[in-house]
Structure formats: structure tokens, C-alpha cells
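Containing mmCIF, C-alpha atoms and all ligand atoms: upload38.cif.
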```cif
data_model
#
loop_
_atom_site.group_PDB
_atom_site.id
_atom_site.type_symbol
_atom_site.label_atom_id
_atom_site.label_comp_id
_atom_site.auth_asym_id
_atom_site.auth_seq_id
_atom_site.Cartn_x
_atom_site.Cartn_y
_atom_site.Cartn_z
ATOM 1 C CA MET A 8 15.510 -4.642 -19.912
ATOM 2 C CA LEU A 9 13.500 -6.460 -17.258
ATOM 3 C CA GLY A 10 9.852 -7.477 -17.107
ATOM 4 C CA ALA A 11 7.364 -7.225 -14.241
ATOM 5 C CA ILE A 12 3.823 -8.443 -13.652
ATOM 6 C CA GLU A 13 1.491 -7.551 -10.809
ATOM 7 C CA ALA A 14 -1.101 -10.313 -11.013
ATOM 8 C CA GLY A 15 -4.410 -9.526 -9.306
ATOM 9 C CA GLY A 16 -7.886 -11.001 -9.187
ATOM 10 C CA THR A 17 -9.376 -8.171 -11.268
ATOM 11 C CA LYS A 18 -6.435 -6.904 -13.294
ATOM 12 C CA PHE A 19 -2.886 -7.701 -14.356
ATOM 13 C CA VAL A 20 -0.362 -4.866 -14.571
ATOM 14 C CA LEU A 21 2.430 -5.570 -17.065
ATOM 15 C CA ALA A 22 5.575 -3.463 -17.222
ATOM 16 C CA THR A 23 9.103 -3.215 -18.466
ATOM 17 C CA GLY A 24 11.759 -1.501 -16.431
ATOM 18 C CA ASN A 25 15.444 -1.246 -15.681
ATOM 19 C CA ASP A 26 17.688 -2.526 -12.923
ATOM 20 C CA VAL A 27 17.450 0.642 -10.829
ATOM 21 C CA GLY A 28 13.696 0.261 -10.560
ATOM 22 C CA ASP A 29 12.407 2.715 -13.176
ATOM 23 C CA ILE A 30 9.264 1.555 -14.941
ATOM 24 C CA GLU A 31 9.535 2.259 -18.667
ATOM 25 C CA GLU A 32 6.365 0.961 -20.261
ATOM 26 C CA LYS A 33 3.185 -0.139 -18.495
ATOM 27 C CA CYS A 34 -0.090 -1.713 -19.553
ATOM 28 C CA VAL A 35 -3.142 -2.955 -17.622
ATOM 29 C CA ILE A 36 -5.274 -5.892 -18.772
ATOM 30 C CA PRO A 37 -8.345 -7.421 -17.107
ATOM 31 C CA THR A 38 -8.000 -10.795 -15.369
ATOM 32 C CA GLU A 39 -9.889 -13.242 -17.572
ATOM 33 C CA HIS A 40 -9.505 -16.976 -18.141
ATOM 34 C CA PRO A 41 -5.776 -17.865 -18.487
ATOM 35 C CA ASP A 42 -6.491 -18.886 -22.104
ATOM 36 C CA LYS A 43 -7.193 -15.220 -22.832
ATOM 37 C CA THR A 44 -4.855 -13.519 -20.355
ATOM 38 C CA ILE A 45 -1.660 -15.465 -21.122
ATOM 39 C CA PRO A 46 -1.582 -14.608 -24.868
ATOM 40 C CA LYS A 47 -2.040 -10.909 -23.974
ATOM 41 C CA ILE A 48 0.915 -11.108 -21.576
ATOM 42 C CA VAL A 49 3.061 -12.869 -24.173
ATOM 43 C CA ASP A 50 2.093 -10.251 -26.803
ATOM 44 C CA PHE A 51 3.153 -7.439 -24.480
ATOM 45 C CA PHE A 52 6.570 -8.875 -23.666
ATOM 46 C CA LYS A 53 7.481 -10.551 -26.977
ATOM 47 C CA GLY A 54 10.006 -8.518 -28.954
ATOM 48 C CA LYS A 55 10.904 -6.322 -25.973
ATOM 49 C CA ASP A 56 14.166 -8.131 -25.284
ATOM 50 C CA ILE A 57 13.347 -8.911 -21.656
ATOM 51 C CA GLU A 58 16.118 -10.752 -19.797
ATOM 52 C CA ARG A 59 14.105 -11.809 -16.765
ATOM 53 C CA LEU A 60 10.550 -11.579 -15.487
ATOM 54 C CA GLY A 61 9.386 -10.929 -11.907
ATOM 55 C CA ILE A 62 5.811 -11.676 -10.832
ATOM 56 C CA GLY A 63 4.063 -10.389 -7.701
ATOM 57 C CA SER A 64 0.905 -12.470 -7.587
ATOM 58 C CA PHE A 65 -2.328 -12.911 -5.689
ATOM 59 C CA GLY A 66 -2.351 -16.119 -3.712
ATOM 60 C CA PRO A 67 -2.304 -18.711 -2.619
ATOM 61 C CA ILE A 68 0.645 -19.482 -4.881
ATOM 62 C CA ASP A 69 3.695 -21.724 -4.471
ATOM 63 C CA ILE A 70 6.684 -19.393 -3.879
ATOM 64 C CA ASN A 71 9.183 -22.079 -2.863
ATOM 65 C CA GLU A 72 11.958 -21.894 -5.482
ATOM 66 C CA ASN A 73 12.899 -25.548 -4.897
ATOM 67 C CA SER A 74 9.419 -26.852 -5.458
ATOM 68 C CA GLU A 75 8.250 -28.660 -8.600
ATOM 69 C CA SER A 76 5.212 -26.415 -8.636
ATOM 70 C CA TYR A 77 7.068 -23.091 -8.084
ATOM 71 C CA GLY A 78 4.876 -20.267 -9.376
ATOM 72 C CA MET A 79 1.715 -22.389 -9.552
ATOM 73 C CA LEU A 80 -1.497 -20.927 -8.147
ATOM 74 C CA GLN A 81 -3.062 -23.126 -5.495
ATOM 75 C CA LYS A 82 -6.654 -23.837 -4.512
ATOM 76 C CA THR A 83 -8.430 -20.496 -4.963
ATOM 77 C CA PRO A 84 -12.022 -19.247 -5.307
ATOM 78 C CA LYS A 85 -10.868 -17.749 -8.631
ATOM 79 C CA LEU A 86 -11.580 -21.139 -10.207
ATOM 80 C CA ASP A 87 -10.176 -20.367 -13.677
ATOM 81 C CA TRP A 88 -6.781 -19.892 -12.057
ATOM 82 C CA ALA A 89 -6.752 -22.729 -9.518
ATOM 83 C CA TYR A 90 -3.581 -24.803 -9.966
ATOM 84 C CA PHE A 91 -2.556 -22.794 -13.018
ATOM 85 C CA PRO A 92 1.266 -22.982 -13.437
ATOM 86 C CA LEU A 93 1.733 -19.262 -14.105
ATOM 87 C CA ALA A 94 5.524 -19.128 -13.837
ATOM 88 C CA ARG A 95 6.127 -22.314 -15.834
ATOM 89 C CA VAL A 96 3.872 -21.241 -18.703
ATOM 90 C CA LEU A 97 5.479 -17.794 -18.981
ATOM 91 C CA LYS A 98 8.968 -19.260 -18.689
ATOM 92 C CA GLU A 99 8.206 -21.609 -21.580
ATOM 93 C CA GLU A 100 6.463 -18.962 -23.692
ATOM 94 C CA LEU A 101 9.115 -16.268 -23.221
ATOM 95 C CA GLY A 102 12.180 -18.468 -22.792
ATOM 96 C CA ILE A 103 13.557 -16.473 -19.837
ATOM 97 C CA PRO A 104 13.916 -17.010 -16.059
ATOM 98 C CA VAL A 105 10.773 -16.137 -14.081
ATOM 99 C CA MET A 106 10.762 -15.201 -10.367
ATOM 100 C CA VAL A 107 7.593 -15.245 -8.268
ATOM 101 C CA ASP A 108 6.533 -13.946 -4.864
ATOM 102 C CA THR A 109 3.245 -12.724 -3.421
ATOM 103 C CA ASP A 110 1.891 -9.278 -4.316
ATOM 104 C CA VAL A 111 2.262 -8.122 -0.721
ATOM 105 C CA ASN A 112 5.733 -9.590 -0.166
ATOM 106 C CA VAL A 113 7.056 -7.763 -3.235
ATOM 107 C CA ALA A 114 5.281 -4.569 -2.154
ATOM 108 C CA ALA A 115 7.103 -4.777 1.193
ATOM 109 C CA MET A 116 10.367 -5.278 -0.700
ATOM 110 C CA SER A 117 9.870 -2.291 -3.016
ATOM 111 C CA GLU A 118 8.864 -0.033 -0.105
ATOM 112 C CA ALA A 119 12.106 -1.088 1.592
ATOM 113 C CA LYS A 120 14.104 -0.430 -1.536
ATOM 114 C CA TRP A 121 12.489 2.754 -2.907
ATOM 115 C CA GLY A 122 9.518 3.766 -0.776
ATOM 116 C CA ASN A 123 8.652 4.555 2.835
ATOM 117 C CA ALA A 124 10.969 2.048 4.500
ATOM 118 C CA THR A 125 14.345 2.835 2.935
ATOM 119 C CA ASP A 126 15.816 3.859 6.315
ATOM 120 C CA VAL A 127 15.057 0.541 8.061
ATOM 121 C CA SER A 128 15.929 -3.141 7.483
ATOM 122 C CA THR A 129 12.539 -4.664 8.219
ATOM 123 C CA CYS A 130 8.967 -3.760 7.321
ATOM 124 C CA LEU A 131 5.473 -5.095 6.774
ATOM 125 C CA TYR A 132 3.202 -4.156 3.899
ATOM 126 C CA ILE A 133 -0.479 -4.714 4.564
ATOM 127 C CA THR A 134 -3.209 -4.250 1.989
ATOM 128 C CA VAL A 135 -6.776 -3.625 3.070
ATOM 129 C CA GLY A 136 -8.889 -3.990 -0.051
ATOM 130 C CA THR A 137 -11.097 -6.727 -1.490
ATOM 131 C CA GLY A 138 -9.174 -8.989 0.864
ATOM 132 C CA ILE A 139 -6.590 -8.372 3.558
ATOM 133 C CA GLY A 140 -3.052 -9.609 3.038
ATOM 134 C CA ALA A 141 0.356 -8.793 4.375
ATOM 135 C CA GLY A 142 3.906 -9.316 3.268
ATOM 136 C CA ALA A 143 7.089 -8.990 5.256
ATOM 137 C CA TYR A 144 10.570 -7.853 4.301
ATOM 138 C CA PHE A 145 13.431 -8.760 6.634
ATOM 139 C CA HIS A 146 17.083 -7.919 5.919
ATOM 140 C CA GLY A 147 17.034 -8.333 2.156
ATOM 141 C CA LYS A 148 14.490 -11.126 1.917
ATOM 142 C CA THR A 149 10.761 -11.560 2.003
ATOM 143 C CA LEU A 150 9.193 -13.878 4.539
ATOM 144 C CA LYS A 151 8.296 -17.381 3.393
ATOM 145 C CA GLY A 152 8.271 -20.778 5.047
ATOM 146 C CA LEU A 153 5.784 -23.606 4.660
ATOM 147 C CA SER A 154 4.090 -21.306 2.205
ATOM 148 C CA HIS A 155 3.652 -17.540 2.342
ATOM 149 C CA PRO A 156 2.226 -15.846 5.427
ATOM 150 C CA GLU A 157 -1.587 -15.476 5.578
ATOM 151 C CA MET A 158 -1.768 -12.573 7.997
ATOM 152 C CA GLY A 159 -5.200 -11.468 6.793
ATOM 153 C CA HIS A 160 -6.856 -14.546 8.251
ATOM 154 C CA ILE A 161 -5.927 -14.231 11.917
ATOM 155 C CA LYS A 162 -8.540 -14.320 14.673
ATOM 156 C CA VAL A 163 -9.665 -10.985 16.047
ATOM 157 C CA ARG A 164 -11.659 -10.120 19.131
ATOM 158 C CA ARG A 165 -15.151 -8.887 18.251
ATOM 159 C CA HIS A 166 -16.046 -5.239 18.877
ATOM 160 C CA ALA A 167 -18.641 -4.982 21.667
ATOM 161 C CA GLU A 168 -21.157 -3.244 19.373
ATOM 162 C CA ASP A 169 -20.607 -5.410 16.293
ATOM 163 C CA THR A 170 -23.206 -8.031 15.341
ATOM 164 C CA PHE A 171 -21.921 -8.610 11.783
ATOM 165 C CA GLU A 172 -21.221 -12.320 11.261
ATOM 166 C CA GLY A 173 -18.189 -11.757 9.033
ATOM 167 C CA CYS A 174 -17.720 -12.563 5.342
ATOM 168 C CA CYS A 175 -14.565 -14.674 4.953
ATOM 169 C CA PRO A 176 -15.638 -17.743 2.946
ATOM 170 C CA ILE A 177 -13.237 -19.904 4.970
ATOM 171 C CA HIS A 178 -13.380 -18.506 8.519
ATOM 172 C CA GLY A 179 -16.340 -16.137 8.704
ATOM 173 C CA ASP A 180 -15.176 -13.607 11.272
ATOM 174 C CA CYS A 181 -11.386 -13.579 10.828
ATOM 175 C CA LEU A 182 -9.671 -10.204 10.247
ATOM 176 C CA GLU A 183 -10.465 -10.253 6.513
ATOM 177 C CA GLY A 184 -14.023 -11.319 7.246
ATOM 178 C CA MET A 185 -14.492 -8.331 9.572
ATOM 179 C CA ALA A 186 -12.381 -5.538 8.087
ATOM 180 C CA SER A 187 -11.967 -5.935 4.294
ATOM 181 C CA GLY A 188 -13.717 -3.576 1.859
ATOM 182 C CA PRO A 189 -16.541 -6.107 1.260
ATOM 183 C CA ALA A 190 -16.943 -6.573 5.069
ATOM 184 C CA ILE A 191 -17.463 -2.821 5.483
ATOM 185 C CA GLU A 192 -20.008 -2.821 2.664
ATOM 186 C CA LYS A 193 -21.955 -5.824 4.026
ATOM 187 C CA ARG A 194 -21.966 -4.578 7.626
ATOM 188 C CA TRP A 195 -23.008 -0.990 6.943
ATOM 189 C CA GLY A 196 -24.963 -1.467 3.697
ATOM 190 C CA MET A 197 -22.814 0.978 1.744
ATOM 191 C CA LYS A 198 -19.378 1.058 0.169
ATOM 192 C CA GLY A 199 -16.515 2.460 2.243
ATOM 193 C CA HIS A 200 -16.075 5.589 0.176
ATOM 194 C CA ASP A 201 -19.747 6.524 0.770
ATOM 195 C CA LEU A 202 -19.241 6.169 4.534
ATOM 196 C CA ALA A 203 -16.361 8.620 4.838
ATOM 197 C CA GLU A 204 -18.201 10.888 7.290
ATOM 198 C CA ASP A 205 -19.425 8.129 9.627
ATOM 199 C CA GLN A 206 -17.120 8.114 12.638
ATOM 200 C CA ASN A 207 -18.462 4.784 13.984
ATOM 201 C CA VAL A 208 -17.406 2.974 10.814
ATOM 202 C CA TRP A 209 -13.790 4.054 11.077
ATOM 203 C CA GLU A 210 -13.542 3.623 14.865
ATOM 204 C CA MET A 211 -14.653 0.001 14.430
ATOM 205 C CA GLN A 212 -12.369 -0.480 11.436
ATOM 206 C CA ALA A 213 -9.397 0.863 13.428
ATOM 207 C CA PHE A 214 -10.266 -1.432 16.353
ATOM 208 C CA TYR A 215 -9.928 -4.508 14.122
ATOM 209 C CA LEU A 216 -6.862 -3.392 12.163
ATOM 210 C CA ALA A 217 -5.042 -2.244 15.313
ATOM 211 C CA GLN A 218 -5.509 -5.671 16.918
ATOM 212 C CA ALA A 219 -3.893 -7.250 13.898
ATOM 213 C CA LEU A 220 -1.012 -4.763 13.862
ATOM 214 C CA THR A 221 -0.439 -5.281 17.585
ATOM 215 C CA ASN A 222 -0.164 -9.035 17.026
ATOM 216 C CA TYR A 223 2.185 -8.571 14.077
ATOM 217 C CA ILE A 224 4.371 -6.263 16.195
ATOM 218 C CA TYR A 225 4.559 -8.880 18.963
ATOM 219 C CA ILE A 226 5.332 -11.734 16.574
ATOM 220 C CA LEU A 227 7.549 -10.139 13.902
ATOM 221 C CA SER A 228 8.837 -6.898 15.436
ATOM 222 C CA PRO A 229 8.931 -4.925 12.168
ATOM 223 C CA GLU A 230 10.594 -1.511 12.163
ATOM 224 C CA ARG A 231 7.868 -0.015 9.977
ATOM 225 C CA ILE A 232 4.291 -0.888 9.020
ATOM 226 C CA ILE A 233 2.930 0.282 5.682
ATOM 227 C CA LEU A 234 -0.817 0.235 5.135
ATOM 228 C CA GLY A 235 -2.116 0.291 1.559
ATOM 229 C CA GLY A 236 -5.136 -0.873 -0.461
ATOM 230 C CA GLY A 237 -8.443 0.801 -1.332
ATOM 231 C CA VAL A 238 -9.836 1.017 2.220
ATOM 232 C CA MET A 239 -6.712 2.855 3.445
ATOM 233 C CA LYS A 240 -7.577 5.708 1.051
ATOM 234 C CA GLN A 241 -9.690 6.784 4.042
ATOM 235 C CA LYS A 242 -6.850 8.771 5.577
ATOM 236 C CA GLN A 243 -8.745 9.379 8.834
ATOM 237 C CA LEU A 244 -8.026 5.709 9.634
ATOM 238 C CA PHE A 245 -4.320 6.338 10.207
ATOM 239 C CA PRO A 246 -4.556 8.395 13.437
ATOM 240 C CA LEU A 247 -7.287 6.084 14.765
ATOM 241 C CA ILE A 248 -5.191 2.964 14.110
ATOM 242 C CA ARG A 249 -2.066 4.544 15.624
ATOM 243 C CA ARG A 250 -3.929 5.510 18.793
ATOM 244 C CA ASN A 251 -5.498 2.049 19.139
ATOM 245 C CA VAL A 252 -2.143 0.309 18.604
ATOM 246 C CA LEU A 253 -0.475 2.370 21.340
ATOM 247 C CA GLU A 254 -3.385 1.645 23.705
ATOM 248 C CA MET A 255 -3.357 -2.089 22.944
ATOM 249 C CA LEU A 256 0.436 -2.399 23.325
ATOM 250 C CA ASN A 257 0.071 -0.541 26.616
ATOM 251 C CA GLY A 258 3.760 0.303 26.704
ATOM 252 C CA TYR A 259 4.892 -3.329 26.675
ATOM 253 C CA VAL A 260 7.274 -3.164 23.687
ATOM 254 C CA SER A 261 10.141 -0.771 24.352
ATOM 255 C CA SER A 262 11.016 1.040 21.164
ATOM 256 C CA PRO A 263 11.492 4.683 20.283
ATOM 257 C CA PHE A 264 9.158 4.022 17.308
ATOM 258 C CA LEU A 265 6.255 3.096 19.556
ATOM 259 C CA THR A 266 5.703 6.465 21.205
ATOM 260 C CA GLU A 267 3.095 9.219 20.763
ATOM 261 C CA LYS A 268 5.790 11.281 19.088
ATOM 262 C CA GLU A 269 7.092 8.672 16.622
ATOM 263 C CA ILE A 270 4.081 6.502 15.820
ATOM 264 C CA ASP A 271 3.173 8.785 12.873
ATOM 265 C CA ASN A 272 6.439 7.665 11.252
ATOM 266 C CA TYR A 273 5.893 4.019 12.191
ATOM 267 C CA ILE A 274 2.444 3.277 10.746
ATOM 268 C CA VAL A 275 2.452 4.958 7.349
ATOM 269 C CA PRO A 276 0.879 4.856 3.856
ATOM 270 C CA PRO A 277 2.903 3.462 0.924
ATOM 271 C CA GLY A 278 5.648 5.751 -0.355
ATOM 272 C CA LEU A 279 5.237 4.320 -3.866
ATOM 273 C CA THR A 280 1.463 4.967 -3.794
ATOM 274 C CA ASP A 281 -0.044 2.572 -6.340
ATOM 275 C CA GLU A 282 3.295 1.392 -7.774
ATOM 276 C CA ALA A 283 4.510 -0.650 -4.800
ATOM 277 C CA GLY A 284 3.279 -3.902 -6.397
ATOM 278 C CA ILE A 285 4.643 -3.493 -9.906
ATOM 279 C CA LYS A 286 7.975 -2.054 -8.735
ATOM 280 C CA GLY A 287 8.207 -4.931 -6.261
ATOM 281 C CA ALA A 288 7.696 -7.422 -9.089
ATOM 282 C CA LEU A 289 10.508 -5.679 -10.967
ATOM 283 C CA SER A 290 12.767 -5.820 -7.898
ATOM 284 C CA LEU A 291 12.463 -9.630 -7.899
ATOM 285 C CA CYS A 292 14.631 -9.799 -10.975
ATOM 286 C CA ILE A 293 17.196 -7.183 -10.036
ATOM 287 C CA GLY A 294 20.623 -8.673 -9.329
ATOM 288 C CA THR A 295 21.315 -10.362 -6.047
ATOM 289 C CA PRO A 296 19.245 -9.569 -2.942
ATOM 290 C CA PHE A 297 20.136 -6.156 -1.604
HETATM 291 P P1 LIG B 1 -8.027 -5.021 -4.723
HETATM 292 O O1 LIG B 1 -7.975 -5.414 -3.299
HETATM 293 O O2 LIG B 1 -9.116 -5.741 -5.478
HETATM 294 O O3 LIG B 1 -6.723 -5.046 -5.412
HETATM 295 P P2 LIG B 1 -8.493 -2.322 -3.764
HETATM 296 O O4 LIG B 1 -7.283 -2.302 -2.914
HETATM 297 O O5 LIG B 1 -8.850 -1.063 -4.502
HETATM 298 O O6 LIG B 1 -8.480 -3.481 -4.836
HETATM 299 O O7 LIG B 1 -9.710 -2.696 -2.830
HETATM 300 C C1 LIG B 1 -11.038 -2.671 -3.223
HETATM 301 C C2 LIG B 1 -11.924 -2.543 -1.985
HETATM 302 O O8 LIG B 1 -11.579 -1.321 -1.324
HETATM 303 C C3 LIG B 1 -13.399 -2.476 -2.298
HETATM 304 O O9 LIG B 1 -14.115 -3.231 -1.333
HETATM 305 C C4 LIG B 1 -13.730 -0.993 -2.186
HETATM 306 O O10 LIG B 1 -15.064 -0.772 -1.731
HETATM 307 C C5 LIG B 1 -12.729 -0.489 -1.172
HETATM 308 N N1 LIG B 1 -12.321 0.885 -1.483
HETATM 309 C C6 LIG B 1 -11.740 1.326 -2.616
HETATM 310 N N2 LIG B 1 -11.554 2.659 -2.580
HETATM 311 C C7 LIG B 1 -12.014 3.072 -1.375
HETATM 312 C C8 LIG B 1 -12.102 4.338 -0.718
HETATM 313 N N3 LIG B 1 -11.677 5.454 -1.291
HETATM 314 N N4 LIG B 1 -12.628 4.362 0.534
HETATM 315 C C9 LIG B 1 -13.053 3.242 1.126
HETATM 316 N N5 LIG B 1 -13.031 2.025 0.561
HETATM 317 C C10 LIG B 1 -12.521 1.932 -0.660
HETATM 318 ZN ZN ZN B 2 -10.377 -15.853 6.734
#
```

Take the structure in the file and give it back as C-alpha cells.
Amino acid sequence: MLGAIEAGGTKFVLATGNDVGDIEEKCVIPTEHPDKTIPKIVDFFKGKDIERLGIGSFGPIDINENSESYGMLQKTPKLDWAYFPLARVLKEELGIPVMVDTDVNVAAMSEAKWGNATDVSTCLYITVGTGIGAGAYFHGKTLKGLSHPEMGHIKVRRHAEDTFEGCCPIHGDCLEGMASGPAIEKRWGMKGHDLAEDQNVWEMQAFYLAQALTNYIYILSPERIILGGGVMKQKQLFPLIRRNVLEMLNGYVSSPFLTEKEIDNYIVPPGLTDEAGIKGALSLCIGTPF
């Protein structure tokens, strides 16, 4: 039996599963102060005979296995969790090995293993929700370096009709500041799901997301791009983003994926729907990298 945690800013998903990726038991708890959340996690896993635990976490978090502070949250606006040594505490409490990666990196890995990218060796998983984040899976491994990638905070060119100042607390009008769920709500005065019929909202949204995807394609050359998160529940975004990406690339990258005919199979929703994160956390503790 293996354990998995999807650690988010509003909720933690806890699960047990097996080494072929089936989730057996699942439970959702709210994200509170660690003093309250950690005992609930320990209660869930204690007595379940878990051999290893995988955590897909919100960031920033140290994911360098050789670091002293592996699995420790870093400076974050979620002040209760800043510098909290999540992996170390759970390792000590449960007495088992604990593996950690970002929520989006593990989502990319589980989509590659069981979801919408099983036929390719490389993919990106991008979430467009309260924030924007992306993870990358390349040939059996997720992408990490100095730290984990921060693809949500890249610069974007402003839409000609957009006067919104942006809402990223660090950069103002970065991608997250212009295209996250809260950015949509602040710009248009209503939540995204109440704006479903407003074509201008989704044209502008696609303009920003397509710029980001175009840059990711140039830099990382992924064979598939998976778009998840609450905002992507607006399915009308997919054709708009695909069209914008093809226009922005302007034929420069030669690939059979990047054609009118194939783009529908290149930019896709998650195959694991809402389970990409928790299954990804589970995949962290399955055998050797696949
Ligand atoms: P989180 O990022 O916190 O894990 P979500 O991915 O659900 O959670 O993202 C929440 C954001 O997505 C909110 O800003 C919300 O307004 C927006 N959102 C959620 N559902 C929808 C929807 N159906 N249509 C448009 N926006 C949505
Ligand atoms: Zn930013």
C-alpha cells in the first residue's frame, strides 16, 4: 500500500493506492494551520500500513532531493505554511520515506503515465485556476533545476483593449496577474463561470494563454500540452487557444502536431479529469522512474 497527498492552498487530498496507480481510499480536508492539518493527515495514514508517501504540493517548495530542506515550503503568501518542513514532519510522524514534487509536475507525470499523454514521451501540464502554474514531464522525469519552473509568472504582451492593471502580488501584469481566475473576476467584475456567454472575455483569455503556450513550445518543445484547472472548465477556450497558438507560431515550428488537423490532439484537457494531482502524487512513490 502506498500513500499520496495533493497539498493545495484550500484543501489537502489524502489517498491510499497501489503500485499500478489505482486509488483505494480518498479523503479531503481543508487547509488550515499546520498544527491542525498535520494531525489529520497522520490520523488518516496511521494504521494503513503505508510503505511510502508521495506529495504533490503547492509551491514554492524545495524539491531538490539532495537539499537539507527537501520538502520544505518556501516564502509564500500562505503565511501559516511559510518554511514549514512538510516532508520532514510527515517522514518523522509516519516513519516512512516521503517523496515530494510540485502539484503540476506530478500532474504532468500522471497524465504521461495514465492520462492524455500516454502515447508521447514529453508533456506539459498547465493549471489555470486561483493561480497559474505549469509542470513538465520529459522522458521519465519531471523538470527541476535551481528550483521548480515558475511558468505562470512569465511576461505577456498586453491585449490592445485591456486596461486591467493585473493582480499578481509580485509582478502585477504577468501571465497569472492577467489570466488567472481572480484576474478574470477583477477585470470583468464577475466570476468566470458567470461570464460563460461573453465572447470578449474568452477571446482575451485565449490571447494571453496562447502567448504563454507559444513561448513554452519554443523553449521546451513538448509533444503535448494539457490544460486543467477551474478556468479551463470553460470548454470554449480550447478552440480559441488552439487557433491563437497556430497564428502566433505562424508556421515556424515544423511538427505534424502543430497543424490545423492535429492541434485538437495537441492542446487537450486532462485525461484524468480531477485526479491528475492525486494520482501524480501516488506515482512519485511507484518503483523506479518509468
Ligand atoms: P485552485 O486553483 O484553487 O486549486 P481551481 O482550479 O478550481 O482551484 O481554480 C479556482 C478559480 O477558477 C477561481 O478563480 C474560479 O473563479 C475559477 N473557476 C472555477 N470554476 C470555473 C468555471 N466553471 N468557469 C470559469 N472559472 C472557474
Ligand atoms: Zn507573477

For Asp271 of chain A, the nearest of the candidates A:Ile45, A:Leu227, A:Ala186, A:Ile233, counting all atoms listed in the file: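 Between A:Ile45, A:Leu227, A:Ala186, A:Ile233, the residue approaching Asp271 of chain A most closely is A:Ile233.
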
The PyMOL selection byres (((not hetatm)) within 8 of (chain B and resi 2)) resolved against shown file, as a compact mmCIF listing (two decimals) with C-alpha atoms, in the coordinates of the input:
```txt
# COMPACT_ATOMS: atom_id res chain seq x y z
CA GLY A 159 -5.20 -11.47 6.79
CA HIS A 160 -6.86 -14.55 8.25
CA ILE A 161 -5.93 -14.23 11.92
CA CYS A 175 -14.56 -14.67 4.95
CA PRO A 176 -15.64 -17.74 2.95
CA ILE A 177 -13.24 -19.90 4.97
CA HIS A 178 -13.38 -18.51 8.52
CA GLY A 179 -16.34 -16.14 8.70
CA ASP A 180 -15.18 -13.61 11.27
CA CYS A 181 -11.39 -13.58 10.83
CA LEU A 182 -9.67 -10.20 10.25
CA GLU A 183 -10.46 -10.25 6.51
CA GLY A 184 -14.02 -11.32 7.25
```

Straight-line distance linking atom CA of Pro41 of chain A with atom CA of Gly61 of chain A, stated in Å to one decimal: 17.9 Å

All residues having an atom within 6 Å of ligand LIG 1 (chain B) (all atoms listed in the file) as a ChimeraX atom specification: /A:136-138,188-189,198-200,236-238,240-241

Within 12 Å of Phe91 of chain A using only C-alpha atoms, minus same-chain residues under 6 positions, as an mmCIF file with C-alpha atoms, in the coordinates of the input:
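Saved as part_1.cif:
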```
data_model
loop_
_atom_site.group_PDB
_atom_site.id
_atom_site.type_symbol
_atom_site.label_atom_id
_atom_site.label_comp_id
_atom_site.auth_asym_id
_atom_site.auth_seq_id
_atom_site.Cartn_x
_atom_site.Cartn_y
_atom_site.Cartn_z
ATOM 1 C CA HIS A 40 -9.505 -16.976 -18.141
ATOM 2 C CA PRO A 41 -5.776 -17.865 -18.487
ATOM 3 C CA ASP A 42 -6.491 -18.886 -22.104
ATOM 4 C CA ILE A 45 -1.660 -15.465 -21.122
ATOM 5 C CA GLY A 66 -2.351 -16.119 -3.712
ATOM 6 C CA PRO A 67 -2.304 -18.711 -2.619
ATOM 7 C CA ILE A 68 0.645 -19.482 -4.881
ATOM 8 C CA ASP A 69 3.695 -21.724 -4.471
ATOM 9 C CA SER A 76 5.212 -26.415 -8.636
ATOM 10 C CA TYR A 77 7.068 -23.091 -8.084
ATOM 11 C CA GLY A 78 4.876 -20.267 -9.376
ATOM 12 C CA MET A 79 1.715 -22.389 -9.552
ATOM 13 C CA LEU A 80 -1.497 -20.927 -8.147
ATOM 14 C CA GLN A 81 -3.062 -23.126 -5.495
ATOM 15 C CA LYS A 82 -6.654 -23.837 -4.512
ATOM 16 C CA THR A 83 -8.430 -20.496 -4.963
ATOM 17 C CA LYS A 85 -10.868 -17.749 -8.631
ATOM 18 C CA LEU A 97 5.479 -17.794 -18.981
#
```

Missing atoms in segment 213-217 of chain A: fill them in up to all heavy atoms and send the result as a PDB file, in the coordinates of the input.
```pdb
ATOM      1  N   ALA A 213     -10.701   0.688  12.773  1.00  0.00           N
ATOM      2  CA  ALA A 213      -9.397   0.863  13.428  1.00  0.00           C
ATOM      3  C   ALA A 213      -9.226  -0.136  14.568  1.00  0.00           C
ATOM      4  O   ALA A 213      -8.130  -0.652  14.795  1.00  0.00           O
ATOM      5  CB  ALA A 213      -9.266   2.294  13.957  1.00  0.00           C
ATOM      6  N   PHE A 214     -10.325  -0.449  15.258  1.00  0.00           N
ATOM      7  CA  PHE A 214     -10.266  -1.432  16.353  1.00  0.00           C
ATOM      8  C   PHE A 214      -9.784  -2.781  15.821  1.00  0.00           C
ATOM      9  O   PHE A 214      -8.915  -3.424  16.412  1.00  0.00           O
ATOM     10  CB  PHE A 214     -11.659  -1.534  16.991  1.00  0.00           C
ATOM     11  CG  PHE A 214     -11.811  -2.676  17.959  1.00  0.00           C
ATOM     12  CD1 PHE A 214     -11.329  -2.577  19.264  1.00  0.00           C
ATOM     13  CD2 PHE A 214     -12.454  -3.848  17.572  1.00  0.00           C
ATOM     14  CE1 PHE A 214     -11.475  -3.635  20.160  1.00  0.00           C
ATOM     15  CE2 PHE A 214     -12.607  -4.911  18.461  1.00  0.00           C
ATOM     16  CZ  PHE A 214     -12.114  -4.805  19.760  1.00  0.00           C
ATOM     17  N   TYR A 215     -10.334  -3.212  14.678  1.00  0.00           N
ATOM     18  CA  TYR A 215      -9.928  -4.508  14.122  1.00  0.00           C
ATOM     19  C   TYR A 215      -8.500  -4.466  13.555  1.00  0.00           C
ATOM     20  O   TYR A 215      -7.678  -5.352  13.814  1.00  0.00           O
ATOM     21  CB  TYR A 215     -10.915  -4.966  13.039  1.00  0.00           C
ATOM     22  CG  TYR A 215     -12.235  -5.418  13.616  1.00  0.00           C
ATOM     23  CD1 TYR A 215     -13.432  -4.784  13.278  1.00  0.00           C
ATOM     24  CD2 TYR A 215     -12.282  -6.483  14.518  1.00  0.00           C
ATOM     25  CE1 TYR A 215     -14.641  -5.205  13.821  1.00  0.00           C
ATOM     26  CE2 TYR A 215     -13.490  -6.901  15.071  1.00  0.00           C
ATOM     27  CZ  TYR A 215     -14.659  -6.258  14.720  1.00  0.00           C
ATOM     28  OH  TYR A 215     -15.848  -6.667  15.267  1.00  0.00           O
ATOM     29  N   LEU A 216      -8.198  -3.443  12.784  1.00  0.00           N
ATOM     30  CA  LEU A 216      -6.862  -3.392  12.163  1.00  0.00           C
ATOM     31  C   LEU A 216      -5.769  -3.232  13.219  1.00  0.00           C
ATOM     32  O   LEU A 216      -4.694  -3.831  13.110  1.00  0.00           O
ATOM     33  CB  LEU A 216      -6.800  -2.273  11.125  1.00  0.00           C
ATOM     34  CG  LEU A 216      -7.677  -2.517   9.882  1.00  0.00           C
ATOM     35  CD1 LEU A 216      -7.690  -1.288   8.974  1.00  0.00           C
ATOM     36  CD2 LEU A 216      -7.180  -3.740   9.098  1.00  0.00           C
ATOM     37  N   ALA A 217      -6.054  -2.452  14.270  1.00  0.00           N
ATOM     38  CA  ALA A 217      -5.042  -2.244  15.313  1.00  0.00           C
ATOM     39  C   ALA A 217      -4.748  -3.541  16.073  1.00  0.00           C
ATOM     40  O   ALA A 217      -3.606  -3.799  16.456  1.00  0.00           O
ATOM     41  CB  ALA A 217      -5.491  -1.145  16.279  1.00  0.00           C
TER      42      ALA A 217
END
```
